file data.cif (mmCIF, C-alpha atoms)
data_model
loop_
_atom_site.label_atom_id
_atom_site.label_comp_id
_atom_site.auth_asym_id
_atom_site.auth_seq_id
_atom_site.Cartn_x
_atom_site.Cartn_y
_atom_site.Cartn_z
CA MET A 24 -9.71 -16.00 -16.95
CA GLU A 25 -9.95 -12.26 -16.72
CA SER A 26 -13.04 -11.89 -14.59
CA ILE A 27 -14.74 -13.66 -11.74
CA PRO A 28 -18.11 -15.34 -12.50
CA ASP A 29 -21.13 -13.47 -11.27
CA SER A 30 -22.03 -16.41 -9.04
CA ILE A 31 -18.90 -15.78 -7.03
CA ARG A 32 -19.17 -12.01 -6.66
CA PRO A 33 -21.74 -12.00 -3.80
CA GLN A 34 -19.29 -14.05 -1.72
CA ARG A 35 -16.51 -11.48 -1.31
CA LEU A 36 -12.98 -12.73 -1.04
CA GLN A 37 -11.53 -12.24 2.41
CA PRO A 38 -7.84 -11.57 3.02
CA GLY A 39 -7.75 -13.72 6.16
CA ILE A 40 -5.61 -16.81 5.83
CA GLY A 41 -6.98 -19.00 8.56
CA PHE A 42 -5.90 -22.52 9.37
CA GLY A 43 -8.92 -24.71 8.92
CA SER A 44 -9.39 -24.85 5.13
CA GLY A 45 -7.89 -27.40 2.85
CA SER A 46 -6.55 -27.02 -0.64
CA THR A 47 -9.51 -28.66 -2.35
CA GLY A 48 -13.15 -27.76 -2.78
CA THR A 49 -15.30 -25.55 -4.95
CA LEU A 50 -14.01 -22.64 -7.01
CA ARG A 51 -15.59 -20.30 -4.49
CA SER A 52 -13.75 -21.86 -1.57
CA SER A 53 -10.51 -21.84 -3.55
CA LEU A 54 -10.80 -18.15 -4.27
CA ARG A 55 -11.32 -17.36 -0.60
CA PRO A 56 -7.96 -16.91 1.11
CA GLY A 57 -9.45 -18.60 4.16
CA VAL A 58 -11.48 -18.00 7.28
CA THR A 59 -9.67 -17.43 10.51
CA VAL A 60 -10.38 -20.05 13.16
CA PRO A 61 -10.09 -18.54 16.66
CA ILE A 62 -10.13 -21.85 18.59
CA ALA A 63 -6.68 -22.48 19.99
CA PRO A 64 -6.65 -26.34 19.70
CA LEU A 65 -7.03 -26.02 15.91
CA LEU A 66 -3.87 -23.93 15.58
CA PRO A 67 -0.82 -25.64 14.05
CA SER A 68 2.40 -26.14 15.89
CA PRO A 69 4.87 -23.22 15.90
CA ALA A 70 7.08 -25.10 13.45
CA SER A 71 4.33 -25.64 10.91
CA LEU A 72 3.12 -22.08 11.43
CA CYS A 73 6.49 -20.74 10.36
CA ALA A 74 6.75 -23.19 7.49
CA SER A 75 3.32 -22.80 5.92
CA SER A 76 1.04 -20.00 6.95
CA GLY A 77 3.47 -17.46 8.37
CA PRO A 78 4.07 -14.26 6.43
CA PRO A 79 6.90 -14.09 3.92
CA PRO A 80 9.74 -11.66 4.53
CA PRO A 81 8.83 -7.99 4.03
CA PRO A 82 9.16 -6.95 0.38
CA PRO A 83 12.45 -5.17 -0.27
CA PRO A 84 12.41 -1.66 -1.76
CA LEU A 85 12.42 -2.50 -5.47
CA GLN A 86 11.99 -0.37 -8.58
CA LEU A 87 8.65 -0.21 -10.40
CA HIS A 88 9.55 -2.85 -12.99
CA SER A 89 10.05 -5.31 -10.12
CA LEU A 90 6.45 -5.03 -9.01
CA TYR A 91 5.67 -8.23 -10.82
CA GLY A 92 7.45 -10.04 -7.99
CA THR A 93 4.44 -9.38 -5.77
CA MET A 94 2.33 -11.33 -8.22
CA GLY A 95 4.80 -14.16 -8.11
CA GLY A 96 5.13 -14.29 -4.35
CA GLY A 97 7.71 -11.64 -3.55
CA GLY A 98 8.80 -8.14 -4.28
CA GLY A 99 7.44 -4.79 -3.32
CA LEU A 100 6.82 -1.34 -4.60
CA GLY A 101 9.82 0.92 -4.39
CA PRO A 102 10.23 4.66 -4.15
CA GLY A 103 10.79 4.96 -7.89
CA ALA A 104 7.06 4.38 -8.43
CA ALA A 105 5.91 7.00 -6.00
CA GLY A 106 6.50 9.94 -8.28
CA LEU A 107 9.36 11.19 -6.15
CA CYS A 108 13.02 10.60 -6.75
CA ASN A 109 14.39 9.53 -3.41
CA PRO A 110 17.61 11.46 -2.73
CA GLY A 111 19.65 10.06 0.10
CA ASN A 112 20.66 13.52 1.29
CA PRO A 113 17.96 15.19 3.45
CA THR A 114 19.18 18.61 2.34
CA VAL A 115 18.65 17.69 -1.31
CA LEU A 116 15.16 16.46 -0.51
CA LYS A 117 14.29 19.64 1.37
CA GLU A 118 15.56 21.85 -1.43
CA ALA A 119 13.67 19.86 -4.06
CA VAL A 120 10.42 20.10 -2.12
CA GLU A 121 10.81 23.83 -1.54
CA ALA A 122 11.52 24.38 -5.25
CA VAL A 123 8.34 22.59 -6.30
CA VAL A 124 6.25 24.46 -3.73
CA ARG A 125 7.64 27.81 -4.92
CA SER A 126 6.97 26.91 -8.52
CA PHE A 127 3.43 25.84 -7.74
CA ALA A 128 2.82 29.07 -5.86
CA LYS A 129 4.20 31.13 -8.75
CA HIS A 130 1.87 29.57 -11.29
CA THR A 131 -1.26 29.51 -9.16
CA GLN A 132 -1.11 32.35 -6.65
CA GLY A 133 1.67 34.64 -7.84
CA TYR A 134 4.89 35.31 -5.97
CA GLY A 135 4.96 35.32 -2.19
CA ARG A 136 4.66 32.90 0.69
CA VAL A 137 2.32 30.01 0.00
CA ASN A 138 0.13 28.26 2.55
CA VAL A 139 0.97 24.68 1.57
CA VAL A 140 -1.90 23.16 3.56
CA GLU A 141 -4.41 25.30 1.68
CA ALA A 142 -2.56 24.82 -1.61
CA LEU A 143 -2.68 21.03 -1.31
CA GLN A 144 -6.42 21.06 -0.63
CA GLU A 145 -7.03 23.48 -3.49
CA PHE A 146 -4.98 21.28 -5.83
CA TRP A 147 -7.18 18.26 -5.22
CA GLN A 148 -10.36 20.33 -5.28
CA MET A 149 -9.25 21.58 -8.70
CA LYS A 150 -8.71 18.00 -9.89
CA LEU A 151 -12.22 17.08 -8.75
CA THR A 152 -13.85 20.00 -10.55
CA ARG A 153 -11.94 19.06 -13.71
CA GLY A 154 -13.44 15.58 -13.70
CA ALA A 155 -10.97 13.46 -11.74
CA ASP A 156 -12.44 10.17 -10.52
CA LEU A 157 -12.26 10.74 -6.76
CA ARG A 158 -14.81 8.35 -5.26
CA ASN A 159 -14.58 9.79 -1.78
CA GLY A 160 -14.31 13.43 -2.75
CA ALA A 161 -11.33 15.76 -2.65
CA LEU A 162 -10.77 15.96 1.11
CA VAL A 163 -7.15 15.77 2.27
CA VAL A 164 -6.90 14.15 5.72
CA TYR A 165 -4.18 14.87 8.31
CA GLU A 166 -3.24 12.64 11.24
CA MET A 167 -0.95 13.77 14.04
CA VAL A 168 1.05 11.16 15.93
CA PRO A 169 0.18 11.65 19.63
CA SER A 170 3.09 13.33 21.41
CA ASN A 171 3.61 15.94 24.13
CA ASN A 172 7.11 16.84 23.01
CA PRO A 173 8.92 17.56 19.73
CA PRO A 174 9.73 16.37 17.20
CA TYR A 175 6.12 16.18 16.09
CA VAL A 176 5.06 13.87 13.27
CA CYS A 177 2.11 14.28 10.94
CA TYR A 178 0.74 12.06 8.17
CA VAL A 179 -1.42 13.22 5.30
CA SER A 180 -3.65 10.98 3.19
CA LEU A 181 -4.59 12.13 -0.29
CA PRO A 182 -8.08 11.52 -1.74
CA GLY A 183 -6.92 8.45 -3.70
CA GLY A 184 -5.34 6.87 -0.62
CA SER A 185 -1.64 7.75 -1.02
CA CYS A 186 0.01 8.72 2.24
CA PHE A 187 2.96 10.98 3.03
CA GLY A 188 4.48 12.24 6.26
CA SER A 189 6.47 15.13 7.68
CA PHE A 190 10.07 14.55 6.63
CA GLN A 191 11.86 17.21 8.71
CA PHE A 192 12.48 17.82 12.40
CA CYS A 193 9.30 19.68 13.38
CA PRO A 194 9.33 21.63 16.66
CA THR A 195 5.58 22.36 16.48
CA LYS A 196 2.47 20.50 15.37
CA ALA A 197 1.73 23.21 12.83
CA GLU A 198 5.18 22.77 11.28
CA ALA A 199 4.68 18.99 11.11
CA ARG A 200 1.42 19.55 9.27
CA ARG A 201 3.11 21.92 6.82
CA SER A 202 6.00 19.50 6.26
CA ALA A 203 3.60 16.67 5.41
CA ALA A 204 1.63 18.97 3.09
CA LYS A 205 4.82 20.01 1.27
CA ILE A 206 5.92 16.49 0.38
CA ALA A 207 2.35 15.55 -0.59
CA LEU A 208 2.02 18.63 -2.79
CA MET A 209 5.33 17.87 -4.49
CA ASN A 210 4.21 14.34 -5.34
CA SER A 211 0.76 15.53 -6.40
CA VAL A 212 2.29 18.04 -8.82
CA PHE A 213 4.86 15.59 -10.22
CA ASN A 214 2.12 13.01 -10.68
CA GLU A 215 0.42 15.25 -13.25
CA HIS A 216 3.40 15.16 -15.60
CA PRO A 217 2.80 13.10 -18.79
CA SER A 218 5.85 10.99 -17.99
CA ARG A 219 4.06 9.69 -14.90
CA ARG A 220 1.28 8.09 -16.97
CA ILE A 221 1.17 4.40 -17.83
CA THR A 222 1.42 4.21 -21.62
CA ASP A 223 2.15 1.44 -24.14
CA ASP A 224 5.77 2.59 -24.32
CA PHE A 225 6.07 2.64 -20.54
CA ILE A 226 4.58 -0.88 -20.27
CA GLU A 227 6.95 -2.26 -22.90
CA LYS A 228 9.99 -0.68 -21.25
CA SER A 229 8.97 -1.86 -17.77
CA VAL A 230 8.38 -5.43 -18.92
CA CYS A 231 11.73 -5.50 -20.75
CA GLU A 232 13.49 -4.24 -17.62
CA ALA A 233 11.76 -6.91 -15.55
CA LEU A 234 12.80 -9.62 -18.00
CA ALA A 235 16.40 -8.38 -17.94
CA SER A 236 16.54 -8.05 -14.15
CA PHE A 237 15.20 -11.54 -13.48
CA ASN A 238 16.61 -13.39 -16.49
CA GLY A 239 13.15 -14.05 -17.88
CA ASN A 240 12.18 -14.89 -21.45
CA ARG A 241 9.64 -13.28 -23.76
CA GLU A 242 7.21 -16.17 -23.41
CA GLU A 243 6.86 -15.38 -19.70
CA ALA A 244 5.73 -11.84 -20.47
CA ASP A 245 2.95 -13.15 -22.72
CA ASN A 246 1.74 -15.74 -20.20
CA PRO A 247 -0.52 -14.21 -17.50
CA GLY A 248 0.12 -17.28 -15.36
CA THR A 249 3.70 -16.18 -14.70
CA GLY A 250 4.86 -13.41 -12.40
CA ILE A 251 6.04 -11.17 -15.26
CA GLY A 252 2.89 -11.92 -17.22
CA ALA A 253 0.76 -10.91 -14.24
CA PHE A 254 2.83 -7.72 -13.92
CA ARG A 255 2.12 -6.91 -17.56
CA PHE A 256 -1.56 -7.69 -17.06
CA MET A 257 -1.73 -5.23 -14.18
CA LEU A 258 0.00 -2.49 -16.17
CA GLU A 259 -2.22 -2.95 -19.20
CA SER A 260 -5.32 -3.00 -17.01
CA ASN A 261 -4.30 0.41 -15.65
CA LYS A 262 -3.23 2.05 -18.89
CA GLY A 263 -3.73 5.80 -18.74
CA LYS A 264 -3.52 5.97 -14.95
CA SER A 265 -0.83 7.84 -13.07
CA MET A 266 1.93 6.34 -10.95
CA LEU A 267 0.21 7.33 -7.71
CA GLU A 268 -3.06 5.77 -8.88
CA PHE A 269 -1.25 2.58 -9.81
CA GLN A 270 0.61 2.50 -6.51
CA GLU A 271 -2.65 2.91 -4.60
CA LEU A 272 -3.92 -0.23 -6.30
CA MET A 273 -0.67 -2.12 -5.73
CA THR A 274 -0.81 -1.38 -2.00
CA VAL A 275 -3.67 -3.90 -1.75
CA PHE A 276 -1.54 -6.62 -3.34
CA GLN A 277 1.49 -5.69 -1.24
CA LEU A 278 -0.60 -6.12 1.91
CA LEU A 279 -2.01 -9.45 0.69
CA HIS A 280 1.54 -10.62 0.05
CA TRP A 281 2.81 -9.37 3.42
CA ASN A 282 -0.09 -11.01 5.21
CA GLY A 283 0.52 -14.35 3.47
CA SER A 284 -2.87 -14.26 1.73
CA LEU A 285 -1.47 -14.55 -1.81
CA LYS A 286 0.47 -17.64 -0.77
CA ALA A 287 -2.65 -19.14 0.79
CA MET A 288 -4.70 -18.51 -2.34
CA ARG A 289 -1.97 -19.99 -4.52
CA GLU A 290 -1.92 -23.13 -2.37
CA ARG A 291 -5.68 -23.43 -2.93
CA GLN A 292 -5.12 -23.50 -6.67
CA CYS A 293 -6.49 -20.01 -7.24
CA SER A 294 -4.93 -18.56 -10.39
CA ARG A 295 -3.16 -15.21 -10.46
CA GLN A 296 -5.68 -13.93 -12.99
CA GLU A 297 -8.59 -14.73 -10.69
CA VAL A 298 -6.92 -12.97 -7.79
CA LEU A 299 -5.94 -9.97 -9.91
CA ALA A 300 -9.37 -9.65 -11.50
CA HIS A 301 -11.05 -9.60 -8.09
CA TYR A 302 -8.70 -7.43 -6.05
CA SER A 303 -8.14 -4.94 -8.87
CA HIS A 304 -11.66 -3.73 -8.13
CA ARG A 305 -11.54 -4.16 -4.37
CA ALA A 306 -10.79 -1.11 -2.26
CA LEU A 307 -8.86 -1.50 0.96
CA ASP A 308 -11.54 -1.31 3.65
CA ASP A 309 -12.14 -2.04 7.33
CA ASP A 310 -13.37 -5.54 6.54
CA MET A 311 -10.07 -6.43 4.86
CA ARG A 312 -8.05 -4.88 7.69
CA THR A 313 -10.06 -6.79 10.31
CA GLN A 314 -9.49 -10.10 8.53
CA MET A 315 -5.75 -9.50 8.29
CA ALA A 316 -5.61 -8.47 11.94
CA ALA A 317 -7.34 -11.73 12.87
CA ASP A 318 -4.58 -13.66 11.09
CA TRP A 319 -1.95 -11.89 13.18
CA VAL A 320 -3.93 -12.71 16.32
CA ASN A 321 -3.74 -16.39 15.35
CA ARG A 322 -0.01 -16.13 14.74
CA GLU A 323 0.44 -14.52 18.15
CA GLN A 324 -1.51 -17.36 19.77
CA GLY A 325 0.79 -19.82 18.03
CA VAL A 326 4.06 -17.99 18.73
CA ALA A 327 4.02 -15.39 21.50
CA GLY A 328 5.76 -12.15 20.58
CA THR A 329 5.07 -12.42 16.85
CA ILE A 330 3.06 -9.18 16.70
CA ALA A 331 5.53 -7.21 18.81
CA GLN A 332 8.42 -8.30 16.58
CA GLU A 333 6.56 -7.44 13.36
CA LEU A 334 5.34 -4.14 14.79
CA ALA A 335 8.87 -3.09 15.74
CA SER A 336 10.10 -3.90 12.23
CA THR A 337 7.19 -2.06 10.63
CA GLU A 338 7.73 1.06 12.74
CA ARG A 339 11.40 1.16 11.70
CA GLU A 340 10.44 0.84 8.03
CA LEU A 341 7.79 3.54 8.40
CA GLU A 342 10.23 5.92 10.08
CA GLU A 343 12.92 5.40 7.45
CA ALA A 344 10.47 5.86 4.59
CA ARG A 345 8.94 8.98 6.17
CA LEU A 346 12.29 10.71 6.65
CA ALA A 347 13.23 9.82 3.05
CA GLY A 348 10.07 11.45 1.72
CA ARG A 349 8.60 8.24 0.29
CA GLU A 350 4.97 7.25 -0.15
CA LEU A 351 3.94 5.57 3.10
CA ARG A 352 0.59 3.86 2.76
CA PHE A 353 1.92 0.30 2.68
CA HIS A 354 3.95 0.80 5.86
CA LYS A 355 1.18 2.81 7.53
CA GLU A 356 -1.47 0.22 6.75
CA LYS A 357 0.75 -2.53 8.14
CA LYS A 358 1.12 -0.66 11.40
CA ASP A 359 -2.61 0.04 11.62
CA ILE A 360 -3.43 -3.64 10.98
CA LEU A 361 -0.98 -4.78 13.65
CA MET A 362 -2.37 -2.27 16.16
CA LEU A 363 -5.86 -3.56 15.33
CA ALA A 364 -4.62 -7.08 16.07
CA VAL A 365 -3.32 -5.90 19.45
CA GLY A 366 -6.77 -4.50 20.18
CA GLN A 367 -8.40 -7.79 19.20
CA LEU A 368 -6.02 -9.69 21.46
CA ASN A 369 -6.70 -7.39 24.40
CA ALA A 370 -10.44 -7.72 23.86
CA ALA A 371 -10.20 -11.52 23.70
CA ASN A 372 -8.08 -11.65 26.87
CA THR A 373 -10.51 -9.39 28.72
CA ALA A 374 -13.44 -11.56 27.67
CA THR A 375 -11.78 -14.70 29.03
CA LEU A 376 -10.83 -13.25 32.44
CA PRO A 377 -12.68 -14.98 35.31
CA SER A 378 -15.45 -12.90 36.83
CA HIS A 379 -15.49 -12.17 40.57
#
call {"tool": "encode", "arguments": {"input": "data.cif", "output": "structure tokens"}}
result
Amino acid sequence: MESIPDSIRPQRLQPGIGFGSGSTGTLRSSLRPGVTVPIAPLLPSPASLCASSGPPPPPPPLQLHSLYGTMGGGGGLGPGAAGLCNPGNPTVLKEAVEAVVRSFAKHTQGYGRVNVVEALQEFWQMKLTRGADLRNGALVVYEMVPSNNPPYVCYVSLPGGSCFGSFQFCPTKAEARRSAAKIALMNSVFNEHPSRRITDDFIEKSVCEALASFNGNREEADNPGTGIGAFRFMLESNKGKSMLEFQELMTVFQLLHWNGSLKAMRERQCSRQEVLAHYSHRALDDDMRTQMAADWVNREQGVAGTIAQELASTERELEEARLAGRELRFHKEKKDILMLAVGQLNAANTATLPSH
């Protein structure tokens, strides 16, 4: 099954896991990952929470060919897919970024100092005018991390959704903004290279590498019901797209895996193809974030300290990835969802306080 029946489409799948739905029912109810139940007595015991509906371990940093693990219940999207080789030496990273920025300046504005913030915006504006499919326009969005003292940290979100951050020690907010723009410009430029496109040859090589890495057989690659088969299905469905475009799509599935939603849908007998067909056309939006946040609120009600522990782990991952110059949206979205859950908890606690 490669598409979801029209009768199901009006009832949008929700990423919330919930605890009140069983594993049987209509196709529509099976496709729904669940509806969060906020009533405390309906929550499972801490033991069953950890055993069944708790989130799986965070996906490890894998190479692109290992993405199929997300479809099978594990795995993540590694730095190799972000369009940026991830040198371990910060000096190497800095020199590589500066080289790309200088080259871009040479070919677009002549020799001389380049304003990377303006250059990044102009790059995406150029893509839009040349027919790029940018649904929300070409605006590049910057976000400063609130701080009164250095080092300052800035994130930049590209029109497609990819996110990068300042990767150097930045003594000023302006420098943090420039640092984020540099790494984003480097990835944007690299992403235009023909080698960063998903082609038949690339798909075949990636699937072969996945089979070799996980001791799979050829039949698995041809069966969309397997993890490798689902990986191949995703690649073929995105043929012609760039690595950044593909990663933007995979972020949704990474978050569904991290949140435990893929596991919940699998337990409700929802096939991988049904999930893939639906979420391949579903943008990450506030509704999805709110549902995931509600799941973390339920986990916190079952086991106190769950959100704080996950938030601390997520912030460490985000910091390490930012300093390494990696694409950050997965880590950033996790943090935003967890902070949203904290807000929901605070609101719920305020609402239940006795009035005087």
call {"tool": "closest_residue", "arguments": {"input": "data.cif", "among": "A:Ala203, A:Ala364, A:Val163, A:Leu279", "to": "A:Leu307", "atoms": "all atoms listed in the file"}}
result
A:Leu279
call {"tool": "resolve_selection", "arguments": {"input": "data.cif", "expression": "the PyMOL selection byres ((chain A and resi 326-334) around 9)", "output": "PyMOL selection string"}}
result
chain A and resi 68-69+72+319-325+335-339+357-358+361-362+364-365
call {"tool": "closest_residue", "arguments": {"input": "data.cif", "among": "A:Leu234, A:Val124, A:Met167, A:Val176", "to": "A:Ser211", "atoms": "all atoms listed in the file"}}
result
A:Val124
call {"tool": "closest_residue", "arguments": {"input": "data.cif", "among": "A:Thr152, A:Asn238, A:Gly248, A:Thr373", "to": "A:Gln292", "atoms": "all atoms listed in the file"}}
result
A:Gly248
call {"tool": "residues_around", "arguments": {"input": "data.cif", "residues": "A:Glu227", "least_positions_apart": "3", "cutoff": "10 Å", "atoms": "only C-alpha atoms", "output": "PyMOL selection string"}}
result
chain A and resi 222-224+230-233+244+255+258-259
call {"tool": "closest_residue", "arguments": {"input": "data.cif", "among": "A:Lys262, A:Lys228, A:Lys205, A:Arg219", "to": "A:Val179", "atoms": "only C-alpha atoms"}}
result
A:Lys205
call {"tool": "atom_distance", "arguments": {"input": "data.cif", "atom1": "atom CA of A:Leu208", "atom2": "atom CA of A:Ala161"}}
result
13.7 Å
call {"tool": "atom_distance", "arguments": {"input": "data.cif", "atom1": "atom CA of A:Asn369", "atom2": "atom CA of A:Glu356"}}
result
19.9 Å
call {"tool": "residues_around", "arguments": {"input": "data.cif", "residues": "A:Arg201", "least_positions_apart": "3", "cutoff": "9 Å", "atoms": "all atoms listed in the file", "output": "PyMOL selection string"}}
result
chain A and resi 138-140+177+189+196-198+204-206
call {"tool": "atom_distance", "arguments": {"input": "data.cif", "atom1": "atom CA of A:Arg305", "atom2": "atom CA of A:Met273"}}
result
11.1 Å
call {"tool": "resolve_selection", "arguments": {"input": "data.cif", "expression": "the PyMOL selection byres ((chain A and resi 160) around 10)", "output": "list of chain:residue names"}}
result
A:Trp147, A:Gln148, A:Leu151, A:Ala155, A:Asp156, A:Leu157, A:Arg158, A:Asn159, A:Ala161, A:Leu162, A:Val163, A:Pro182, A:Gly183
call {"tool": "resolve_selection", "arguments": {"input": "data.cif", "expression": "the PyMOL selection byres ((chain A and resi 353) around 8)", "output": "PyMOL selection string"}}
result
chain A and resi 274+277-278+351-352+354-357
call {"tool": "residues_around", "arguments": {"input": "data.cif", "residues": "A:Glu242", "least_positions_apart": "4", "cutoff": "10 Å", "atoms": "all atoms listed in the file", "output": "list in words"}}
result
Asn246, Pro247, Thr249, Ile251 and Gly252 of chain A
call {"tool": "axis_aligned_box", "arguments": {"input": "data.cif", "around": "stretch 241-248 of chain A", "padding_each_side": "3 Å", "output": "JSON"}}
result
{"center_x": 4.6, "center_y": -14.6, "center_z": -19.6, "size_x": 16.2, "size_y": 11.4, "size_z": 14.4}
call {"tool": "closest_residue", "arguments": {"input": "data.cif", "among": "A:Leu181, A:Leu267, A:Ala300, A:Leu368", "to": "A:Ala207", "atoms": "all atoms listed in the file"}}
result
A:Leu181
call {"tool": "closest_residue", "arguments": {"input": "data.cif", "among": "A:Glu268, A:Val298, A:Phe276, A:Ala199", "to": "A:Val168", "atoms": "all atoms listed in the file"}}
result
A:Ala199
call {"tool": "decode", "arguments": {"input": "data.cif", "residues": "stretch 288-307 of chain A", "atoms": "N, CA and C atoms", "output": "short mmCIF file (atom, residue, chain, number, x, y, z; two decimals), in the first residue's frame"}}
result
data_model
loop_
_atom_site.label_atom_id
_atom_site.label_comp_id
_atom_site.auth_asym_id
_atom_site.auth_seq_id
_atom_site.Cartn_x
_atom_site.Cartn_y
_atom_site.Cartn_z
N MET A 288 2.57 2.89 16.55
CA MET A 288 1.85 2.58 15.32
C MET A 288 2.10 1.15 14.88
N ARG A 289 3.33 0.68 15.07
CA ARG A 289 3.65 -0.70 14.71
C ARG A 289 2.86 -1.68 15.58
N GLU A 290 2.72 -1.37 16.85
CA GLU A 290 1.96 -2.23 17.75
C GLU A 290 0.49 -2.24 17.39
N ARG A 291 0.01 -1.23 16.70
CA ARG A 291 -1.39 -1.18 16.27
C ARG A 291 -1.57 -1.72 14.85
N GLN A 292 -0.56 -2.47 14.42
CA GLN A 292 -0.63 -3.16 13.14
C GLN A 292 -0.67 -2.21 11.95
N CYS A 293 -0.11 -1.04 12.09
CA CYS A 293 -0.03 -0.09 10.99
C CYS A 293 1.25 -0.40 10.21
N SER A 294 1.14 -0.63 8.92
CA SER A 294 2.30 -1.01 8.13
C SER A 294 3.25 0.16 7.92
N ARG A 295 4.51 -0.16 7.66
CA ARG A 295 5.50 0.88 7.39
C ARG A 295 5.09 1.72 6.18
N GLN A 296 4.55 1.04 5.15
CA GLN A 296 4.18 1.78 3.95
C GLN A 296 3.09 2.79 4.23
N GLU A 297 2.13 2.44 5.08
CA GLU A 297 1.07 3.38 5.43
C GLU A 297 1.63 4.59 6.17
N VAL A 298 2.52 4.31 7.10
CA VAL A 298 3.14 5.41 7.86
C VAL A 298 3.98 6.29 6.93
N LEU A 299 4.80 5.66 6.10
CA LEU A 299 5.66 6.41 5.19
C LEU A 299 4.84 7.25 4.22
N ALA A 300 3.80 6.64 3.66
CA ALA A 300 2.99 7.36 2.67
C ALA A 300 2.34 8.59 3.28
N HIS A 301 1.94 8.49 4.54
CA HIS A 301 1.28 9.63 5.18
C HIS A 301 2.28 10.71 5.58
N TYR A 302 3.30 10.30 6.33
CA TYR A 302 4.21 11.30 6.90
C TYR A 302 5.19 11.86 5.88
N SER A 303 5.32 11.22 4.73
CA SER A 303 6.17 11.76 3.67
C SER A 303 5.60 13.07 3.14
N HIS A 304 4.32 13.28 3.36
CA HIS A 304 3.68 14.51 2.87
C HIS A 304 3.20 15.38 4.03
N ARG A 305 3.68 15.08 5.21
CA ARG A 305 3.25 15.82 6.39
C ARG A 305 4.38 16.69 6.90
N ALA A 306 4.21 17.97 6.88
CA ALA A 306 5.23 18.88 7.39
C ALA A 306 5.20 18.89 8.92
N LEU A 307 6.34 19.11 9.51
CA LEU A 307 6.44 19.24 10.95
C LEU A 307 5.79 20.56 11.36
#
